Structure formats: C-alpha cells, structure tokens
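To start, the structure under review is shown below, and the notes come after it.
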Amino acid sequence: LTAAIYMLSQGTPFIHAGEEMLRTKVNEDGSFNHNSYNSSDEVNMIRWSTLEDATYGDEKAQLDIGKFKDAEYITLYDFKVVGDIEDLGEDLKCLRLYCCELADTALDVSKYENMEDISITGAGLESITGLDKMTKLFYLELEGNKLTEVPKFSDDIEWISSIDLSDNKITDISYSCENENINNSLQTLVLDDNQLSVLPDMSVFKILHSLDLSG
C-alpha cells in the first residue's frame, strides 16, 4: 500500500535517482560515500555530465571466443573478444562479429574452407587473408574497418551474392573485377566511404543490381 501511494501520486517518484554512475558519490573531503541515505543534495545529486565523459560506457564486456570452438555459426554484438579466432573449429560456416573489439587487427581465416558467411564490422581490421581458400563463401561484410585493399578471393568460388567493404581505406577494386565467378554471381556491391581513385568497368558484373559508391 505504501509503495502504491508514492508510485501513483503526482510528480516523478524518487525511486532509482539515488543510483550513481561509476562511484560518483563523493564527500566534501574527497572520500567515497558508501551509504548516502542521509547525505546532502550535493552528494546525492545526479551528475549528468558524467555521461559526456569519453570513458563512460566505452568498456565492452569480455567474451572468450574459444568457448565456441565447436560451433558452426557464431554471431556476437559489441563484445571485447579474447582468445584467438583462428583457433575455432574447422567446420565453422558463419562468423558474424558486429562492433566487436578484436585482439588482432590482422586475421587469417584460411583454415575455414567451408565458410559461407563472414561479417566483421567496426573491428579495426587492417587485413584479412585466407578468403582465397573458400569456395562456398556467398556473403562478405567488412564494413567499418581499416582495409586498404580488396581481399583475395578463390578463383573457384562457386557463388557470392553480396560484398560490403564500405567505410574502409580501399583505393582500388580492380582485382575483384578479374574473378570470373564473382563477375557472374555478384548481386550487391557496397563500397561507399572509401578512398577509391580507380573505378573499373562495372559492366563486368553480369547480374549486379545494387551498387553503392557514395562518399
């Protein structure tokens, strides 16, 4: 009954406003206040400026990717990935790491010959090798990294429908146009926000229906 009175009364109930952000309840002498129920407003006030601190909320939760060594499909969002991605099981078919922090910015995925889907975005990758070992790869998304060149693909790749290399530092995509199997299967190519200085003849892509070169 008591809880109903203050929760249903006019105004904003003072329920969680006493919570702090990263130990921000500090006494006048500089010490931390561990129990501020009878402290002044100066101690208990919410300091919204804390949210503007560049360090607040930037720490990602850690996850040991080695725990998934037998998985065929892995999808992770916004983790600090520890462990070696290159030590995952050889049967891995799908690897999706969205906005994850990786320990290594150079990745070798050559052991995953059965890979079908790779999405690694916002990870700061500077290079990725081993795609030339994959003949079943049909989807590749490497948006928001630091790649300077198009990854090497297998000449025997069966079918790849989508390649997204947007928001990198790529200057030339001529290599990708020399792979006949890619030319015959690619439907979506996203290259916006790169540093392209050379633009090849896009007519080599026989069934391309979506092309993004903006930025």
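Letters A, B, ... go to the chains of the structure tokens in the order shown; residues in each chain start at 1; ligands are counted from 1 in the same order.
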Next on the checklist: as a list of chain:residue names, please: the residues near region 85-91 of chain A (cut-off 8 Å, only C-alpha atoms, same-chain neighbours under 2 positions excluded).
Outcome noted: A:Ile65, A:Gly66, A:Phe68, A:Lys69, A:Asp70, A:Ala71, A:Glu72, A:Gly83, A:Lys93, A:Leu107, A:Asp108, A:Val109, A:Lys111, A:Tyr112, A:Glu113, A:Asn114, A:Met115
Checklist entry - From the set A:Ala106, A:Cys94, A:Val150, A:Leu8, which residue has the shortest atom-to-atom contact distance to Phe138 (chain A), counting only C-alpha atoms? => result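 Closest candidate: A:Cys94.
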For the structure I just gave you, how does DSSP split chain A - specifically, which residues are strand (DSSP E)? Reply as a PDB file with N, CA and C atoms, in the first residue's frame.
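selection11.pdb was written with the following content:
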ATOM      1  N   ALA A  61      31.999  -5.673 -22.681  1.00  0.00           N
ATOM      2  CA  ALA A  61      32.059  -6.921 -21.927  1.00  0.00           C
ATOM      3  C   ALA A  61      32.978  -7.906 -22.640  1.00  0.00           C
ATOM      4  N   GLN A  62      33.811  -8.606 -21.891  1.00  0.00           N
ATOM      5  CA  GLN A  62      34.743  -9.564 -22.477  1.00  0.00           C
ATOM      6  C   GLN A  62      34.067 -10.904 -22.724  1.00  0.00           C
ATOM      7  N   LEU A  63      34.478 -11.524 -23.804  1.00  0.00           N
ATOM      8  CA  LEU A  63      33.950 -12.844 -24.121  1.00  0.00           C
ATOM      9  C   LEU A  63      35.058 -13.683 -24.749  1.00  0.00           C
ATOM     10  N   ASP A  64      35.270 -14.862 -24.181  1.00  0.00           N
ATOM     11  CA  ASP A  64      36.291 -15.775 -24.696  1.00  0.00           C
ATOM     12  C   ASP A  64      35.697 -16.579 -25.845  1.00  0.00           C
ATOM     13  N   TYR A  73      28.057 -21.820 -36.299  1.00  0.00           N
ATOM     14  CA  TYR A  73      27.510 -20.481 -36.528  1.00  0.00           C
ATOM     15  C   TYR A  73      27.753 -19.631 -35.288  1.00  0.00           C
ATOM     16  N   ILE A  74      28.404 -18.489 -35.462  1.00  0.00           N
ATOM     17  CA  ILE A  74      28.715 -17.601 -34.344  1.00  0.00           C
ATOM     18  C   ILE A  74      28.288 -16.181 -34.702  1.00  0.00           C
ATOM     19  N   THR A  75      27.478 -15.567 -33.835  1.00  0.00           N
ATOM     20  CA  THR A  75      27.074 -14.169 -34.004  1.00  0.00           C
ATOM     21  C   THR A  75      27.253 -13.454 -32.671  1.00  0.00           C
ATOM     22  N   LEU A  76      28.068 -12.396 -32.666  1.00  0.00           N
ATOM     23  CA  LEU A  76      28.347 -11.628 -31.455  1.00  0.00           C
ATOM     24  C   LEU A  76      28.168 -10.138 -31.735  1.00  0.00           C
ATOM     25  N   TYR A  77      27.624  -9.423 -30.757  1.00  0.00           N
ATOM     26  CA  TYR A  77      27.417  -7.985 -30.868  1.00  0.00           C
ATOM     27  C   TYR A  77      28.144  -7.261 -29.737  1.00  0.00           C
ATOM     28  N   PHE A  79      31.171  -6.981 -28.243  1.00  0.00           N
ATOM     29  CA  PHE A  79      31.985  -7.619 -27.207  1.00  0.00           C
ATOM     30  C   PHE A  79      33.463  -7.303 -27.421  1.00  0.00           C
ATOM     31  N   LYS A  80      34.213  -7.383 -26.335  1.00  0.00           N
ATOM     32  CA  LYS A  80      35.666  -7.406 -26.432  1.00  0.00           C
ATOM     33  C   LYS A  80      36.061  -8.868 -26.513  1.00  0.00           C
ATOM     34  N   VAL A  81      36.437  -9.292 -27.694  1.00  0.00           N
ATOM     35  CA  VAL A  81      36.687 -10.707 -27.938  1.00  0.00           C
ATOM     36  C   VAL A  81      38.101 -11.067 -27.504  1.00  0.00           C
ATOM     37  N   VAL A  82      38.196 -12.009 -26.586  1.00  0.00           N
ATOM     38  CA  VAL A  82      39.501 -12.525 -26.181  1.00  0.00           C
ATOM     39  C   VAL A  82      39.618 -13.955 -26.708  1.00  0.00           C
ATOM     40  N   CYS A  94      29.677 -19.832 -40.408  1.00  0.00           N
ATOM     41  CA  CYS A  94      29.187 -18.454 -40.330  1.00  0.00           C
ATOM     42  C   CYS A  94      29.840 -17.745 -39.151  1.00  0.00           C
ATOM     43  N   LEU A  95      30.505 -16.626 -39.412  1.00  0.00           N
ATOM     44  CA  LEU A  95      31.144 -15.831 -38.376  1.00  0.00           C
ATOM     45  C   LEU A  95      30.676 -14.392 -38.513  1.00  0.00           C
ATOM     46  N   ARG A  96      29.903 -13.936 -37.531  1.00  0.00           N
ATOM     47  CA  ARG A  96      29.389 -12.568 -37.551  1.00  0.00           C
ATOM     48  C   ARG A  96      29.798 -11.860 -36.272  1.00  0.00           C
ATOM     49  N   LEU A  97      30.655 -10.872 -36.395  1.00  0.00           N
ATOM     50  CA  LEU A  97      31.139 -10.098 -35.258  1.00  0.00           C
ATOM     51  C   LEU A  97      30.827  -8.631 -35.526  1.00  0.00           C
ATOM     52  N   TYR A  98      29.781  -8.126 -34.894  1.00  0.00           N
ATOM     53  CA  TYR A  98      29.343  -6.758 -35.129  1.00  0.00           C
ATOM     54  C   TYR A  98      29.847  -5.836 -34.025  1.00  0.00           C
ATOM     55  N   ALA A 106      45.007  -8.161 -37.765  1.00  0.00           N
ATOM     56  CA  ALA A 106      45.326  -8.954 -38.959  1.00  0.00           C
ATOM     57  C   ALA A 106      44.767 -10.355 -38.744  1.00  0.00           C
ATOM     58  N   LEU A 107      43.853 -10.761 -39.603  1.00  0.00           N
ATOM     59  CA  LEU A 107      43.135 -12.011 -39.397  1.00  0.00           C
ATOM     60  C   LEU A 107      43.378 -12.976 -40.545  1.00  0.00           C
ATOM     61  N   ASP A 108      43.711 -14.221 -40.190  1.00  0.00           N
ATOM     62  CA  ASP A 108      43.901 -15.287 -41.183  1.00  0.00           C
ATOM     63  C   ASP A 108      42.801 -16.323 -40.982  1.00  0.00           C
ATOM     64  N   ASP A 117      29.533 -17.436 -44.700  1.00  0.00           N
ATOM     65  CA  ASP A 117      29.086 -16.089 -44.341  1.00  0.00           C
ATOM     66  C   ASP A 117      30.087 -15.478 -43.374  1.00  0.00           C
ATOM     67  N   ILE A 118      30.660 -14.317 -43.738  1.00  0.00           N
ATOM     68  CA  ILE A 118      31.570 -13.593 -42.854  1.00  0.00           C
ATOM     69  C   ILE A 118      31.098 -12.150 -42.735  1.00  0.00           C
ATOM     70  N   SER A 119      30.855 -11.719 -41.505  1.00  0.00           N
ATOM     71  CA  SER A 119      30.511 -10.327 -41.223  1.00  0.00           C
ATOM     72  C   SER A 119      31.365  -9.870 -40.045  1.00  0.00           C
ATOM     73  N   ILE A 120      32.306  -8.988 -40.297  1.00  0.00           N
ATOM     74  CA  ILE A 120      33.141  -8.424 -39.236  1.00  0.00           C
ATOM     75  C   ILE A 120      33.121  -6.914 -39.434  1.00  0.00           C
ATOM     76  N   THR A 121      32.364  -6.215 -38.601  1.00  0.00           N
ATOM     77  CA  THR A 121      32.184  -4.782 -38.787  1.00  0.00           C
ATOM     78  C   THR A 121      32.725  -3.994 -37.595  1.00  0.00           C
ATOM     79  N   SER A 127      43.810  -6.118 -42.157  1.00  0.00           N
ATOM     80  CA  SER A 127      43.950  -7.108 -43.230  1.00  0.00           C
ATOM     81  C   SER A 127      43.208  -8.376 -42.857  1.00  0.00           C
ATOM     82  N   ILE A 128      42.710  -9.070 -43.880  1.00  0.00           N
ATOM     83  CA  ILE A 128      42.087 -10.382 -43.683  1.00  0.00           C
ATOM     84  C   ILE A 128      42.524 -11.259 -44.843  1.00  0.00           C
ATOM     85  N   THR A 129      43.134 -12.379 -44.515  1.00  0.00           N
ATOM     86  CA  THR A 129      43.640 -13.301 -45.525  1.00  0.00           C
ATOM     87  C   THR A 129      42.982 -14.659 -45.365  1.00  0.00           C
ATOM     88  N   TYR A 139      28.503 -14.583 -48.790  1.00  0.00           N
ATOM     89  CA  TYR A 139      28.202 -13.269 -48.213  1.00  0.00           C
ATOM     90  C   TYR A 139      29.416 -12.767 -47.448  1.00  0.00           C
ATOM     91  N   LEU A 140      29.849 -11.549 -47.751  1.00  0.00           N
ATOM     92  CA  LEU A 140      31.004 -10.959 -47.074  1.00  0.00           C
ATOM     93  C   LEU A 140      30.683  -9.517 -46.701  1.00  0.00           C
ATOM     94  N   GLU A 141      30.801  -9.213 -45.409  1.00  0.00           N
ATOM     95  CA  GLU A 141      30.579  -7.850 -44.922  1.00  0.00           C
ATOM     96  C   GLU A 141      31.750  -7.462 -44.019  1.00  0.00           C
ATOM     97  N   SER A 162      26.870 -11.081 -52.257  1.00  0.00           N
ATOM     98  CA  SER A 162      26.977  -9.745 -51.672  1.00  0.00           C
ATOM     99  C   SER A 162      28.362  -9.508 -51.077  1.00  0.00           C
ATOM    100  N   ILE A 163      28.927  -8.344 -51.400  1.00  0.00           N
ATOM    101  CA  ILE A 163      30.207  -7.913 -50.822  1.00  0.00           C
ATOM    102  C   ILE A 163      30.031  -6.486 -50.319  1.00  0.00           C
ATOM    103  N   ASP A 164      30.269  -6.271 -49.023  1.00  0.00           N
ATOM    104  CA  ASP A 164      30.179  -4.947 -48.420  1.00  0.00           C
ATOM    105  C   ASP A 164      31.536  -4.592 -47.822  1.00  0.00           C
ATOM    106  N   THR A 188      25.163  -7.635 -55.114  1.00  0.00           N
ATOM    107  CA  THR A 188      25.246  -6.406 -54.320  1.00  0.00           C
ATOM    108  C   THR A 188      26.705  -6.080 -54.013  1.00  0.00           C
ATOM    109  N   LEU A 189      27.105  -4.847 -54.318  1.00  0.00           N
ATOM    110  CA  LEU A 189      28.470  -4.390 -54.052  1.00  0.00           C
ATOM    111  C   LEU A 189      28.387  -3.019 -53.369  1.00  0.00           C
ATOM    112  N   VAL A 190      28.894  -2.948 -52.135  1.00  0.00           N
ATOM    113  CA  VAL A 190      28.831  -1.709 -51.351  1.00  0.00           C
ATOM    114  C   VAL A 190      30.262  -1.240 -51.072  1.00  0.00           C
ATOM    115  N   SER A 210      22.661  -3.893 -57.307  1.00  0.00           N
ATOM    116  CA  SER A 210      22.779  -2.875 -56.276  1.00  0.00           C
ATOM    117  C   SER A 210      24.241  -2.489 -56.137  1.00  0.00           C
ATOM    118  N   LEU A 211      24.540  -1.213 -56.390  1.00  0.00           N
ATOM    119  CA  LEU A 211      25.922  -0.714 -56.317  1.00  0.00           C
ATOM    120  C   LEU A 211      25.914   0.604 -55.534  1.00  0.00           C
ATOM    121  N   ASP A 212      26.765   0.700 -54.517  1.00  0.00           N
ATOM    122  CA  ASP A 212      26.862   1.917 -53.697  1.00  0.00           C
ATOM    123  C   ASP A 212      28.309   2.385 -53.684  1.00  0.00           C
TER     124      ASP A 212
END
Item to check | Interatomic distance (Å, one decimal) between CA of Tyr175 (chain A) and CA of Thr105 (chain A) | outcome: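 Answer for the CA of Tyr175 (chain A) to CA of Thr105 (chain A) separation: 22.2 Å.
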